[in-house]
$ cat data.cif   # mmCIF, C-alpha atoms and all ligand atoms
data_data
#
loop_
_atom_site.label_atom_id
_atom_site.label_comp_id
_atom_site.auth_asym_id
_atom_site.auth_seq_id
_atom_site.Cartn_x
_atom_site.Cartn_y
_atom_site.Cartn_z
CA MET A 1 91.95 57.44 15.94
CA SER A 2 92.75 58.15 19.55
CA VAL A 3 89.98 58.91 21.99
CA MET A 4 90.65 61.31 24.85
CA PRO A 5 89.36 59.98 28.18
CA SER A 6 86.68 62.25 29.64
CA HIS A 7 88.81 62.53 32.80
CA PRO A 8 92.47 62.71 31.77
CA ILE A 9 94.80 61.14 34.30
CA ARG A 10 96.86 63.60 36.31
CA HIS A 11 99.82 62.65 38.44
CA LEU A 12 99.67 63.07 42.20
CA ASP A 13 102.35 65.76 42.21
CA GLU A 14 100.13 67.83 39.91
CA MET A 15 97.18 67.64 42.33
CA LEU A 16 96.41 69.08 45.76
CA PRO A 17 95.16 66.86 48.59
CA TRP A 18 91.46 67.09 49.43
CA ASN A 19 90.52 68.33 52.92
CA ASP A 20 87.48 69.40 54.86
CA LYS A 21 87.76 72.98 53.66
CA LEU A 22 87.28 71.89 50.03
CA GLN A 23 84.22 69.88 51.07
CA MET A 24 82.65 68.93 47.72
CA LEU A 25 82.64 65.30 46.56
CA GLU A 26 81.22 63.89 43.35
CA CYS A 27 79.76 60.37 43.38
CA ILE A 28 81.35 58.19 40.68
CA SER A 29 79.79 54.81 41.47
CA ALA A 30 77.09 53.17 43.56
CA VAL A 31 77.40 49.40 43.98
CA GLU A 32 75.15 46.98 45.89
CA GLU A 33 77.13 44.80 48.30
CA ALA A 34 74.50 42.95 50.40
CA PRO A 35 70.87 43.50 51.46
CA ASP A 36 70.50 47.23 52.29
CA VAL A 37 74.25 47.75 51.88
CA MET A 38 75.90 49.81 49.14
CA THR A 39 79.35 51.17 48.41
CA PHE A 40 79.55 54.75 47.11
CA SER A 41 82.80 55.99 45.56
CA PHE A 42 83.70 59.64 45.19
CA ARG A 43 86.25 61.89 43.52
CA THR A 44 86.49 65.65 43.81
CA PRO A 45 85.24 67.98 41.07
CA ASP A 46 88.65 69.72 41.10
CA GLN A 47 90.69 66.54 40.82
CA ASN A 48 92.28 66.37 44.25
CA TRP A 49 93.89 63.31 45.73
CA PHE A 50 92.84 61.85 49.07
CA ARG A 51 95.29 61.80 51.96
CA TYR A 52 94.09 59.72 54.90
CA ALA A 53 94.96 56.74 57.09
CA PRO A 54 93.25 53.38 56.56
CA GLY A 55 90.41 53.22 59.11
CA GLN A 56 89.61 56.96 59.17
CA PHE A 57 86.15 58.38 58.49
CA VAL A 58 84.38 61.26 56.76
CA THR A 59 81.18 63.07 57.66
CA LEU A 60 78.71 63.54 54.80
CA GLU A 61 76.08 66.27 54.54
CA LEU A 62 73.03 64.54 53.08
CA PRO A 63 69.97 66.38 51.74
CA ALA A 64 67.74 63.72 53.28
CA ALA A 65 65.56 66.04 55.32
CA SER A 66 64.16 69.48 54.83
CA PRO A 67 64.96 72.29 55.51
CA GLU A 68 68.21 71.18 57.20
CA PRO A 69 70.43 68.45 55.73
CA VAL A 70 71.47 65.59 58.01
CA MET A 71 75.11 64.92 58.88
CA ARG A 72 76.25 61.30 58.99
CA THR A 73 79.67 59.89 59.75
CA TYR A 74 80.97 56.86 57.84
CA THR A 75 84.27 55.03 57.93
CA LEU A 76 86.07 54.91 54.61
CA SER A 77 86.18 51.39 53.20
CA SER A 78 88.69 52.38 50.52
CA THR A 79 92.46 52.37 50.95
CA PRO A 80 94.73 55.43 50.79
CA SER A 81 97.10 53.36 48.63
CA ARG A 82 94.63 54.14 45.80
CA PRO A 83 94.34 57.88 46.40
CA TYR A 84 92.37 59.05 43.37
CA SER A 85 89.02 58.24 44.96
CA ILE A 86 87.46 57.36 48.31
CA ALA A 87 84.57 55.05 49.14
CA VAL A 88 82.14 54.51 51.98
CA THR A 89 80.15 51.30 52.42
CA VAL A 90 76.90 51.98 54.24
CA LYS A 91 74.11 49.86 55.67
CA ALA A 92 70.60 51.26 56.13
CA GLN A 93 69.26 50.19 59.51
CA GLN A 94 65.56 50.22 60.28
CA GLY A 95 64.33 53.80 60.64
CA SER A 96 67.46 55.19 58.99
CA VAL A 97 67.04 58.60 57.35
CA GLY A 98 70.45 59.62 56.00
CA THR A 99 71.72 56.21 54.90
CA ARG A 100 68.34 55.30 53.40
CA TRP A 101 68.50 58.50 51.35
CA MET A 102 71.91 57.45 50.05
CA LEU A 103 70.66 54.01 49.02
CA ASP A 104 67.56 55.39 47.33
CA HIS A 105 68.85 58.61 45.78
CA LEU A 106 72.64 59.04 45.66
CA ARG A 107 73.88 58.17 42.19
CA PRO A 108 76.93 58.89 39.98
CA GLY A 109 77.24 62.53 38.97
CA MET A 110 75.60 63.88 42.15
CA ARG A 111 77.60 66.11 44.47
CA ILE A 112 77.49 66.28 48.26
CA ARG A 113 79.45 68.12 50.94
CA ALA A 114 81.82 66.23 53.21
CA TYR A 115 84.11 66.92 56.16
CA GLY A 116 87.23 65.01 57.08
CA PRO A 117 88.98 62.67 56.84
CA ALA A 118 89.37 62.27 60.60
CA GLY A 119 89.73 59.65 63.31
CA ASP A 120 92.44 57.71 65.07
CA PHE A 121 91.22 54.13 64.55
CA SER A 122 94.03 53.02 62.28
CA LEU A 123 96.96 50.66 62.17
CA ALA A 124 98.91 53.67 60.88
CA SER A 125 98.98 55.11 64.41
CA ARG A 126 99.27 51.68 66.11
CA PRO A 127 101.82 49.67 64.16
CA ALA A 128 102.21 46.04 65.25
CA GLU A 129 103.65 42.78 63.98
CA LYS A 130 100.37 40.90 64.23
CA TYR A 131 96.79 42.10 64.03
CA LEU A 132 93.38 40.72 64.94
CA PHE A 133 90.47 42.50 63.26
CA ILE A 134 87.07 41.73 64.83
CA SER A 135 83.92 43.19 63.30
CA ALA A 136 80.18 42.72 63.10
CA GLY A 137 77.88 43.90 60.33
CA SER A 138 78.94 47.18 58.73
CA GLY A 139 81.69 47.47 61.36
CA ILE A 140 83.68 45.60 58.74
CA THR A 141 84.41 48.83 56.80
CA PRO A 142 87.50 50.09 58.68
CA MET A 143 88.87 46.53 58.72
CA MET A 144 88.39 46.37 54.96
CA SER A 145 90.23 49.65 54.47
CA MET A 146 93.14 48.40 56.59
CA THR A 147 93.20 44.98 54.88
CA ARG A 148 93.19 46.54 51.43
CA TRP A 149 96.04 48.78 52.53
CA LEU A 150 97.99 45.79 53.87
CA HIS A 151 97.40 43.96 50.59
CA ASP A 152 98.83 46.88 48.62
CA CYS A 153 101.65 47.94 50.94
CA ALA A 154 102.53 45.20 53.47
CA PRO A 155 101.02 41.93 52.19
CA SER A 156 103.02 39.60 54.45
CA THR A 157 101.63 41.15 57.67
CA ASP A 158 100.21 38.46 59.97
CA THR A 159 96.49 39.31 60.22
CA ILE A 160 93.45 37.42 61.45
CA PHE A 161 90.16 38.85 60.18
CA ILE A 162 86.98 37.83 62.03
CA ASN A 163 83.59 39.05 60.80
CA CYS A 164 80.21 38.20 62.33
CA ALA A 165 76.94 38.53 60.44
CA ARG A 166 73.38 37.45 61.03
CA ARG A 167 73.16 35.45 57.79
CA PRO A 168 75.69 34.34 55.14
CA ASP A 169 74.25 36.72 52.52
CA GLU A 170 74.81 39.64 54.93
CA ILE A 171 78.59 39.19 55.01
CA ILE A 172 79.91 42.31 53.29
CA PHE A 173 82.99 41.92 51.02
CA HIS A 174 82.90 38.12 51.37
CA ASP A 175 84.19 37.39 47.86
CA GLU A 176 86.82 40.13 47.87
CA LEU A 177 88.18 39.01 51.24
CA ARG A 178 88.52 35.44 49.99
CA LEU A 179 90.38 36.75 46.96
CA LEU A 180 92.70 38.82 49.17
CA ALA A 181 93.33 35.80 51.41
CA SER A 182 94.26 33.74 48.35
CA ARG A 183 96.94 36.33 47.59
CA MET A 184 98.10 37.11 51.15
CA GLU A 185 99.63 34.10 52.80
CA ALA A 186 99.48 35.59 56.29
CA LEU A 187 95.82 36.68 56.12
CA LYS A 188 93.48 34.26 57.88
CA LEU A 189 89.70 34.72 57.63
CA ALA A 190 86.96 33.57 60.01
CA PHE A 191 83.31 34.31 59.22
CA ILE A 192 80.72 33.51 61.86
CA VAL A 193 77.00 33.66 61.09
CA GLY A 194 74.24 33.76 63.68
CA ARG A 195 71.74 31.89 61.55
CA SER A 196 71.84 29.95 58.32
CA LEU A 197 69.22 28.01 56.42
CA PRO A 198 69.85 24.97 54.15
CA ARG A 199 69.34 27.22 51.12
CA HIS A 200 72.29 29.35 52.17
CA GLY A 201 74.63 26.36 51.66
CA TRP A 202 76.77 27.60 54.57
CA SER A 203 79.31 25.17 55.97
CA GLY A 204 81.24 27.70 58.08
CA LEU A 205 81.02 28.74 61.73
CA HIS A 206 77.65 29.38 63.43
CA GLY A 207 76.57 31.08 66.62
CA ARG A 208 78.20 33.75 68.74
CA ILE A 209 81.80 34.72 69.13
CA ASP A 210 83.01 34.26 72.69
CA ARG A 211 86.24 33.72 74.59
CA ALA A 212 86.54 30.05 73.55
CA ARG A 213 86.03 30.93 69.87
CA LEU A 214 88.54 33.78 70.06
CA GLU A 215 91.18 31.49 71.57
CA LEU A 216 90.46 28.84 68.94
CA ILE A 217 90.69 31.23 65.99
CA ALA A 218 93.63 33.22 67.37
CA PRO A 219 95.64 30.98 69.74
CA ASP A 220 98.38 33.62 69.86
CA ILE A 221 95.91 36.40 70.65
CA HIS A 222 98.12 37.81 73.43
CA HIS A 223 100.72 38.71 70.79
CA ARG A 224 98.25 40.59 68.61
CA THR A 225 96.96 44.16 68.44
CA VAL A 226 93.17 44.06 68.29
CA PHE A 227 90.89 46.39 66.31
CA CYS A 228 87.18 45.93 66.97
CA CYS A 229 84.16 47.61 65.34
CA GLY A 230 80.45 46.83 65.48
CA PRO A 231 77.35 47.60 67.54
CA GLU A 232 78.13 48.61 71.14
CA PRO A 233 76.74 45.35 72.71
CA PHE A 234 79.04 43.37 70.38
CA MET A 235 82.08 45.45 71.31
CA ARG A 236 81.22 45.22 75.00
CA ALA A 237 81.09 41.41 74.72
CA MET A 238 84.49 41.44 72.99
CA ARG A 239 85.99 43.70 75.66
CA GLU A 240 84.67 41.44 78.43
CA ALA A 241 85.96 38.29 76.70
CA LEU A 242 89.40 39.80 76.22
CA GLN A 243 89.54 41.11 79.80
CA ALA A 244 88.50 37.67 81.09
CA MET A 245 91.45 36.07 79.32
CA GLY A 246 93.87 38.65 80.73
CA PHE A 247 94.48 40.42 77.39
CA ASP A 248 96.55 43.61 77.61
CA MET A 249 93.77 46.14 76.85
CA ALA A 250 96.34 48.79 75.89
CA ARG A 251 96.47 46.84 72.62
CA TYR A 252 92.68 46.84 72.17
CA HIS A 253 91.18 49.59 69.98
CA GLN A 254 87.58 50.13 69.01
CA GLU A 255 85.55 52.49 66.85
CA SER A 256 82.09 53.80 67.56
CA PHE A 257 80.04 56.77 66.40
CA GLN A 258 77.44 56.17 69.11
CA PRO A 259 77.91 57.54 72.61
CA THR A 260 78.91 54.72 74.97
CA ALA A 261 78.10 54.41 78.66
CA GLU A 262 81.50 55.97 79.33
CA THR A 263 80.99 58.97 77.04
CA VAL A 264 77.34 59.72 77.81
CA GLY A 265 76.91 62.31 80.50
CA THR A 266 80.48 63.61 80.44
CA PRO A 267 80.12 67.08 79.01
CA PRO A 268 82.74 69.65 79.89
CA SER A 269 82.22 70.96 83.40
CA PRO A 270 80.59 74.35 83.59
CA ALA A 271 83.11 77.01 84.26
CA SER A 272 83.43 77.76 87.94
CA GLY A 273 85.70 79.55 90.35
CA PRO A 274 86.40 83.12 91.28
CA GLU A 275 87.65 84.28 87.87
CA THR A 276 84.72 82.84 85.94
CA ALA A 277 82.18 84.13 88.42
CA ALA A 278 83.51 87.60 87.68
CA GLN A 279 83.59 87.12 83.89
CA ALA A 280 80.37 86.27 82.09
CA ALA A 281 80.88 83.80 79.23
CA THR A 282 80.32 85.38 75.83
CA VAL A 283 81.14 84.18 72.34
CA ARG A 284 82.00 86.50 69.49
CA PHE A 285 81.77 84.80 66.11
CA THR A 286 84.31 86.85 64.21
CA ARG A 287 83.39 85.98 60.61
CA SER A 288 79.69 86.59 61.14
CA GLY A 289 80.18 89.55 63.44
CA VAL A 290 77.69 88.13 65.95
CA GLU A 291 78.19 88.15 69.72
CA THR A 292 76.11 86.17 72.17
CA ALA A 293 76.02 85.52 75.91
CA CYS A 294 76.47 81.94 77.07
CA ALA A 295 74.79 80.09 79.94
CA ALA A 296 77.19 78.29 82.27
CA ASP A 297 76.58 74.88 80.69
CA ASP A 298 76.26 76.00 77.06
CA THR A 299 78.71 74.68 74.50
CA ILE A 300 79.97 76.84 71.64
CA LEU A 301 77.72 74.82 69.33
CA LEU A 302 74.64 75.69 71.41
CA ALA A 303 75.69 79.34 71.57
CA ALA A 304 76.02 79.42 67.78
CA ARG A 305 72.59 77.89 67.32
CA SER A 306 70.95 80.29 69.72
CA ALA A 307 72.57 83.15 67.77
CA GLY A 308 71.14 81.76 64.51
CA LEU A 309 74.51 80.55 63.17
CA LYS A 310 75.22 77.17 61.71
CA ILE A 311 78.35 75.23 62.65
CA PRO A 312 78.33 71.83 60.90
CA SER A 313 77.96 68.98 63.42
CA ALA A 314 77.20 65.26 63.41
CA CYS A 315 77.91 63.10 66.48
CA GLU A 316 77.72 65.96 69.02
CA PHE A 317 79.83 64.12 71.58
CA GLY A 318 83.34 64.93 70.46
CA VAL A 319 84.16 61.99 68.21
CA CYS A 320 83.66 62.89 64.56
CA GLY A 321 85.47 66.24 64.43
CA THR A 322 82.87 67.81 62.13
CA CYS A 323 82.31 70.81 64.41
CA LYS A 324 86.00 71.81 64.58
CA VAL A 325 86.42 75.59 64.76
CA LEU A 326 89.32 77.92 65.43
CA CYS A 327 89.26 79.71 68.78
CA SER A 328 91.23 82.87 68.14
CA GLY A 329 90.96 84.34 71.62
CA GLY A 330 89.84 83.55 75.15
CA GLU A 331 89.82 80.52 77.40
CA THR A 332 87.76 77.36 76.85
CA VAL A 333 87.20 73.95 78.46
CA MET A 334 86.96 71.00 76.08
CA ASN A 335 86.00 67.38 76.88
CA HIS A 336 86.36 65.56 73.58
CA ASN A 337 86.31 61.87 72.79
CA GLY A 338 89.13 61.70 70.26
CA GLY A 339 87.68 63.89 67.49
CA ILE A 340 90.59 66.33 67.46
CA ARG A 341 94.36 65.85 67.27
CA ASP A 342 96.88 67.33 69.71
CA ASP A 343 98.50 69.44 66.98
CA GLU A 344 95.10 70.92 66.08
CA ILE A 345 94.50 71.78 69.76
CA ALA A 346 97.94 73.39 69.87
CA GLU A 347 96.96 75.52 66.85
CA GLY A 348 93.86 76.75 68.73
CA TYR A 349 91.16 74.50 67.27
CA VAL A 350 88.32 73.22 69.47
CA LEU A 351 85.29 71.01 68.93
CA ALA A 352 82.26 73.28 69.27
CA CYS A 353 79.96 70.47 70.49
CA CYS A 354 82.02 69.70 73.58
CA THR A 355 83.70 73.02 74.38
CA ARG A 356 82.46 75.64 76.82
CA PRO A 357 83.74 79.19 76.92
CA VAL A 358 85.32 80.52 80.10
CA GLY A 359 84.71 84.24 79.96
CA PRO A 360 84.75 86.03 76.60
CA VAL A 361 86.02 83.99 73.62
CA GLU A 362 86.37 84.58 69.89
CA ILE A 363 85.46 81.87 67.41
CA ASP A 364 86.24 81.93 63.70
CA ALA A 365 82.76 81.16 62.38
S1 LIG B 401 79.82 67.10 66.14
FE1 LIG B 401 81.15 65.35 66.17
S2 LIG B 401 82.84 66.13 67.29
FE2 LIG B 401 81.43 67.73 67.40
#

$ encode --input "data.cif" --output "structure tokens"
Amino acid sequence: MSVMPSHPIRHLDEMLPWNDKLQMLECISAVEEAPDVMTFSFRTPDQNWFRYAPGQFVTLELPAASPEPVMRTYTLSSTPSRPYSIAVTVKAQQGSVGTRWMLDHLRPGMRIRAYGPAGDFSLASRPAEKYLFISAGSGITPMMSMTRWLHDCAPSTDTIFINCARRPDEIIFHDELRLLASRMEALKLAFIVGRSLPRHGWSGLHGRIDRARLELIAPDIHHRTVFCCGPEPFMRAMREALQAMGFDMARYHQESFQPTAETVGTPPSPASGPETAAQAATVRFTRSGVETACAADDTILLAARSAGLKIPSACEFGVCGTCKVLCSGGETVMNHNGGIRDDEIAEGYVLACCTRPVGPVEIDA
């Protein structure tokens, strides 16, 4: 007797790619990885396939607070070489609301909204002969996505993978990475823990990563393209170490969903000049049929909120791309931080959180 699988396999050419207009994801697994760290995998209810670059992220709408859901951005830890599902690996920090809700409540069968995939932190857009991945804590997730992709599609790529954790049991993907390294001759791993007790049985590297350690682990570092992800103080220390050794920073790339010193306080300039003085800024939201006046330093996102409209948003400093909207008329000023591609800008899209209208504009929302 043959048994039909509950989800018959369809071929990719029979399926449409998922995108941020389809939005809905269905959780298919929830797996514990380390203390306060879980991996959640998703498919779509309509059987779409996932088209993205290794290292990109999605923004999830989580019903963690009432009445408004919270939006949280997470890098995908899965690889696009296995396009039937995607996964995020999340760590609940102290005081976390959204991620804590995921750990405590998100289980297989539940559906949530999502936006993306987006982001430019990927070896797909920065091909190189040799890579150095440096991560701390849950900053390991984009590196894992890229390493899984290399394993599937370019396994002989020369890659050094450094991960720093507070304790040995906090190293995420430890066992899988060792398995990958046993199958990929050119993948070299270096785990560094800040603290280890005798019961941890740790015989690896201790302490902090600094310039001397970097040069020891990657003697040919000047020939590598570096991807770095972790808390901002960690990435700052890496930037300073690399600059001190004369590394070509054009080959240094980092990912952060927190505003950095460079991005804080750089909103788009209020419109000024003779034309704008004559033309008051107004926003007409064409789908809702609402029109509102805009103060000189108001973004489109603020204008929407003051008009009682909801444009989805997460980072609110131009990185995650969640607030992307189509500007169908009028002039705007946008100061984004990488959350929108050039071709999207050419098509008329703007990020509502970091775009100010100049005179009357029309927004498809
Ligand atoms: S909310 Fe993240 S780019 Fe606007």

$ residues_near_ligand --input "data.cif" --ligand "ligand LIG 401 (chain B)" --cutoff "12 Å" --atoms "all atoms listed in the file" --output "mmCIF file with C-alpha atoms, in the frame of the given file"
data_model
loop_
_atom_site.group_PDB
_atom_site.id
_atom_site.type_symbol
_atom_site.label_atom_id
_atom_site.label_comp_id
_atom_site.auth_asym_id
_atom_site.auth_seq_id
_atom_site.Cartn_x
_atom_site.Cartn_y
_atom_site.Cartn_z
ATOM 1 C CA PHE A 57 86.150 58.380 58.490
ATOM 2 C CA VAL A 58 84.380 61.260 56.760
ATOM 3 C CA THR A 59 81.180 63.070 57.660
ATOM 4 C CA LEU A 60 78.710 63.540 54.800
ATOM 5 C CA VAL A 70 71.470 65.590 58.010
ATOM 6 C CA MET A 71 75.110 64.920 58.880
ATOM 7 C CA ARG A 72 76.250 61.300 58.990
ATOM 8 C CA THR A 73 79.670 59.890 59.750
ATOM 9 C CA TYR A 74 80.970 56.860 57.840
ATOM 10 C CA TYR A 115 84.110 66.920 56.160
ATOM 11 C CA GLY A 116 87.230 65.010 57.080
ATOM 12 C CA ALA A 118 89.370 62.270 60.600
ATOM 13 C CA GLY A 119 89.730 59.650 63.310
ATOM 14 C CA SER A 256 82.090 53.800 67.560
ATOM 15 C CA PHE A 257 80.040 56.770 66.400
ATOM 16 C CA GLN A 258 77.440 56.170 69.110
ATOM 17 C CA PRO A 259 77.910 57.540 72.610
ATOM 18 C CA PRO A 267 80.120 67.080 79.010
ATOM 19 C CA THR A 299 78.710 74.680 74.500
ATOM 20 C CA ILE A 300 79.970 76.840 71.640
ATOM 21 C CA LEU A 301 77.720 74.820 69.330
ATOM 22 C CA LEU A 302 74.640 75.690 71.410
ATOM 23 C CA LYS A 310 75.220 77.170 61.710
ATOM 24 C CA ILE A 311 78.350 75.230 62.650
ATOM 25 C CA PRO A 312 78.330 71.830 60.900
ATOM 26 C CA SER A 313 77.960 68.980 63.420
ATOM 27 C CA ALA A 314 77.200 65.260 63.410
ATOM 28 C CA CYS A 315 77.910 63.100 66.480
ATOM 29 C CA GLU A 316 77.720 65.960 69.020
ATOM 30 C CA PHE A 317 79.830 64.120 71.580
ATOM 31 C CA GLY A 318 83.340 64.930 70.460
ATOM 32 C CA VAL A 319 84.160 61.990 68.210
ATOM 33 C CA CYS A 320 83.660 62.890 64.560
ATOM 34 C CA GLY A 321 85.470 66.240 64.430
ATOM 35 C CA THR A 322 82.870 67.810 62.130
ATOM 36 C CA CYS A 323 82.310 70.810 64.410
ATOM 37 C CA LYS A 324 86.000 71.810 64.580
ATOM 38 C CA VAL A 325 86.420 75.590 64.760
ATOM 39 C CA MET A 334 86.960 71.000 76.080
ATOM 40 C CA ASN A 335 86.000 67.380 76.880
ATOM 41 C CA HIS A 336 86.360 65.560 73.580
ATOM 42 C CA ASN A 337 86.310 61.870 72.790
ATOM 43 C CA GLY A 338 89.130 61.700 70.260
ATOM 44 C CA GLY A 339 87.680 63.890 67.490
ATOM 45 C CA ILE A 340 90.590 66.330 67.460
ATOM 46 C CA ARG A 341 94.360 65.850 67.270
ATOM 47 C CA TYR A 349 91.160 74.500 67.270
ATOM 48 C CA VAL A 350 88.320 73.220 69.470
ATOM 49 C CA LEU A 351 85.290 71.010 68.930
ATOM 50 C CA ALA A 352 82.260 73.280 69.270
ATOM 51 C CA CYS A 353 79.960 70.470 70.490
ATOM 52 C CA CYS A 354 82.020 69.700 73.580
ATOM 53 C CA THR A 355 83.700 73.020 74.380
#

$ closest_residue --input "data.cif" --among "A:Phe234, A:Phe42, A:Trp202, A:Phe247" --to "Ala114 of chain A" --atoms "only C-alpha atoms"
A:Phe42

$ closest_residue --input "data.cif" --among "A:Cys294, A:Leu216, A:Cys164, A:Leu150" --to "Ala186 of chain A" --atoms "all atoms listed in the file"
A:Leu150

$ closest_residue --input "data.cif" --among "A:Gly201, A:Glu215, A:Gly329, A:Ala136" --to "Pro233 of chain A" --atoms "only C-alpha atoms"
A:Ala136

$ atom_distance --input "data.cif" --atom1 "atom CA of His253 of chain A" --atom2 "atom CA of Pro54 of chain A"
14.1 Å

$ atom_distance --input "data.cif" --atom1 "atom CA of Asp220 of chain A" --atom2 "atom CA of Thr159 of chain A"
11.4 Å

$ atom_distance --input "data.cif" --atom1 "atom CA of Arg224 of chain A" --atom2 "atom CA of Ser203 of chain A"
27.5 Å

$ closest_residue --input "data.cif" --among "A:Trp101, A:Tyr252, A:Tyr84, A:Phe50" --to "Leu123 of chain A" --atoms "only C-alpha atoms"
A:Tyr252

$ closest_residue --input "data.cif" --among "A:Val31, A:Met184, A:Ile171, A:Leu189" --to "Ala154 of chain A" --atoms "only C-alpha atoms"
A:Met184

$ residues_near_point --input "data.cif" --point "(99.7, 46.9, 55.9)" --cutoff "12 Å" --atoms "only C-alpha atoms" --output "PDB file with C-alpha atoms, in the coordinates of the input"
ATOM      1  CA  ALA A  53      94.960  56.740  57.090  1.00  0.00           C
ATOM      2  CA  PRO A  54      93.250  53.380  56.560  1.00  0.00           C
ATOM      3  CA  GLY A  55      90.410  53.220  59.110  1.00  0.00           C
ATOM      4  CA  THR A  79      92.460  52.370  50.950  1.00  0.00           C
ATOM      5  CA  PRO A  80      94.730  55.430  50.790  1.00  0.00           C
ATOM      6  CA  SER A  81      97.100  53.360  48.630  1.00  0.00           C
ATOM      7  CA  SER A 122      94.030  53.020  62.280  1.00  0.00           C
ATOM      8  CA  LEU A 123      96.960  50.660  62.170  1.00  0.00           C
ATOM      9  CA  ALA A 124      98.910  53.670  60.880  1.00  0.00           C
ATOM     10  CA  SER A 125      98.980  55.110  64.410  1.00  0.00           C
ATOM     11  CA  ARG A 126      99.270  51.680  66.110  1.00  0.00           C
ATOM     12  CA  PRO A 127     101.820  49.670  64.160  1.00  0.00           C
ATOM     13  CA  ALA A 128     102.210  46.040  65.250  1.00  0.00           C
ATOM     14  CA  GLU A 129     103.650  42.780  63.980  1.00  0.00           C
ATOM     15  CA  LYS A 130     100.370  40.900  64.230  1.00  0.00           C
ATOM     16  CA  TYR A 131      96.790  42.100  64.030  1.00  0.00           C
ATOM     17  CA  MET A 143      88.870  46.530  58.720  1.00  0.00           C
ATOM     18  CA  MET A 144      88.390  46.370  54.960  1.00  0.00           C
ATOM     19  CA  SER A 145      90.230  49.650  54.470  1.00  0.00           C
ATOM     20  CA  MET A 146      93.140  48.400  56.590  1.00  0.00           C
ATOM     21  CA  THR A 147      93.200  44.980  54.880  1.00  0.00           C
ATOM     22  CA  ARG A 148      93.190  46.540  51.430  1.00  0.00           C
ATOM     23  CA  TRP A 149      96.040  48.780  52.530  1.00  0.00           C
ATOM     24  CA  LEU A 150      97.990  45.790  53.870  1.00  0.00           C
ATOM     25  CA  HIS A 151      97.400  43.960  50.590  1.00  0.00           C
ATOM     26  CA  ASP A 152      98.830  46.880  48.620  1.00  0.00           C
ATOM     27  CA  CYS A 153     101.650  47.940  50.940  1.00  0.00           C
ATOM     28  CA  ALA A 154     102.530  45.200  53.470  1.00  0.00           C
ATOM     29  CA  PRO A 155     101.020  41.930  52.190  1.00  0.00           C
ATOM     30  CA  SER A 156     103.020  39.600  54.450  1.00  0.00           C
ATOM     31  CA  THR A 157     101.630  41.150  57.670  1.00  0.00           C
ATOM     32  CA  ASP A 158     100.210  38.460  59.970  1.00  0.00           C
ATOM     33  CA  THR A 159      96.490  39.310  60.220  1.00  0.00           C
ATOM     34  CA  MET A 184      98.100  37.110  51.150  1.00  0.00           C
ATOM     35  CA  ALA A 186      99.480  35.590  56.290  1.00  0.00           C
ATOM     36  CA  LEU A 187      95.820  36.680  56.120  1.00  0.00           C
TER      37      LEU A 187
END

$ residues_near_point --input "data.cif" --point "(88.0, 44.7, 60.8)" --cutoff "6 Å" --atoms "all atoms listed in the file" --output "mmCIF file with C-alpha atoms, keeping the file's coordinate frame"
data_model
loop_
_atom_site.group_PDB
_atom_site.id
_atom_site.type_symbol
_atom_site.label_atom_id
_atom_site.label_comp_id
_atom_site.auth_asym_id
_atom_site.auth_seq_id
_atom_site.Cartn_x
_atom_site.Cartn_y
_atom_site.Cartn_z
ATOM 1 C CA PHE A 133 90.470 42.500 63.260
ATOM 2 C CA ILE A 134 87.070 41.730 64.830
ATOM 3 C CA SER A 135 83.920 43.190 63.300
ATOM 4 C CA ILE A 140 83.680 45.600 58.740
ATOM 5 C CA PRO A 142 87.500 50.090 58.680
ATOM 6 C CA MET A 143 88.870 46.530 58.720
#

$ closest_residue --input "data.cif" --among "A:Thr75, A:Gln94, A:Ser138, A:Thr44" --to "Arg111 of chain A" --atoms "only C-alpha atoms"
A:Thr44

$ residues_around --input "data.cif" --residues "Pro35 of chain A" --least-positions-apart "3" --cutoff "12 Å" --atoms "all atoms listed in the file" --output "list in words"
Val31, Glu32, Met38, Thr39, Val90, Lys91, Ala92, Gln93, Leu103, Gly137, Ser138, Ala165, Arg166, Arg167, Pro168, Asp169, Glu170, Ile171 and Ile172 of chain A

$ write_last_selection --input "data.cif" --atoms "C-alpha atoms" --output "PDB file, in the frame of the given file"
ATOM      1  CA  VAL A  31      77.400  49.400  43.980  1.00  0.00           C
ATOM      2  CA  GLU A  32      75.150  46.980  45.890  1.00  0.00           C
ATOM      3  CA  MET A  38      75.900  49.810  49.140  1.00  0.00           C
ATOM      4  CA  THR A  39      79.350  51.170  48.410  1.00  0.00           C
ATOM      5  CA  VAL A  90      76.900  51.980  54.240  1.00  0.00           C
ATOM      6  CA  LYS A  91      74.110  49.860  55.670  1.00  0.00           C
ATOM      7  CA  ALA A  92      70.600  51.260  56.130  1.00  0.00           C
ATOM      8  CA  GLN A  93      69.260  50.190  59.510  1.00  0.00           C
ATOM      9  CA  LEU A 103      70.660  54.010  49.020  1.00  0.00           C
ATOM     10  CA  GLY A 137      77.880  43.900  60.330  1.00  0.00           C
ATOM     11  CA  SER A 138      78.940  47.180  58.730  1.00  0.00           C
ATOM     12  CA  ALA A 165      76.940  38.530  60.440  1.00  0.00           C
ATOM     13  CA  ARG A 166      73.380  37.450  61.030  1.00  0.00           C
ATOM     14  CA  ARG A 167      73.160  35.450  57.790  1.00  0.00           C
ATOM     15  CA  PRO A 168      75.690  34.340  55.140  1.00  0.00           C
ATOM     16  CA  ASP A 169      74.250  36.720  52.520  1.00  0.00           C
ATOM     17  CA  GLU A 170      74.810  39.640  54.930  1.00  0.00           C
ATOM     18  CA  ILE A 171      78.590  39.190  55.010  1.00  0.00           C
ATOM     19  CA  ILE A 172      79.910  42.310  53.290  1.00  0.00           C
TER      20      ILE A 172
END

$ residues_around --input "data.cif" --residues "Leu22 of chain A" --least-positions-apart "4" --cutoff "12 Å" --atoms "all atoms listed in the file" --output "list of chain:residue names"
A:Leu16, A:Pro17, A:Trp18, A:Arg43, A:Thr44, A:Pro45, A:Asp46, A:Gln47, A:Asn48, A:Trp49, A:Phe50, A:Ile112, A:Arg113, A:Ala114, A:Tyr115, A:Gly116, A:Pro117
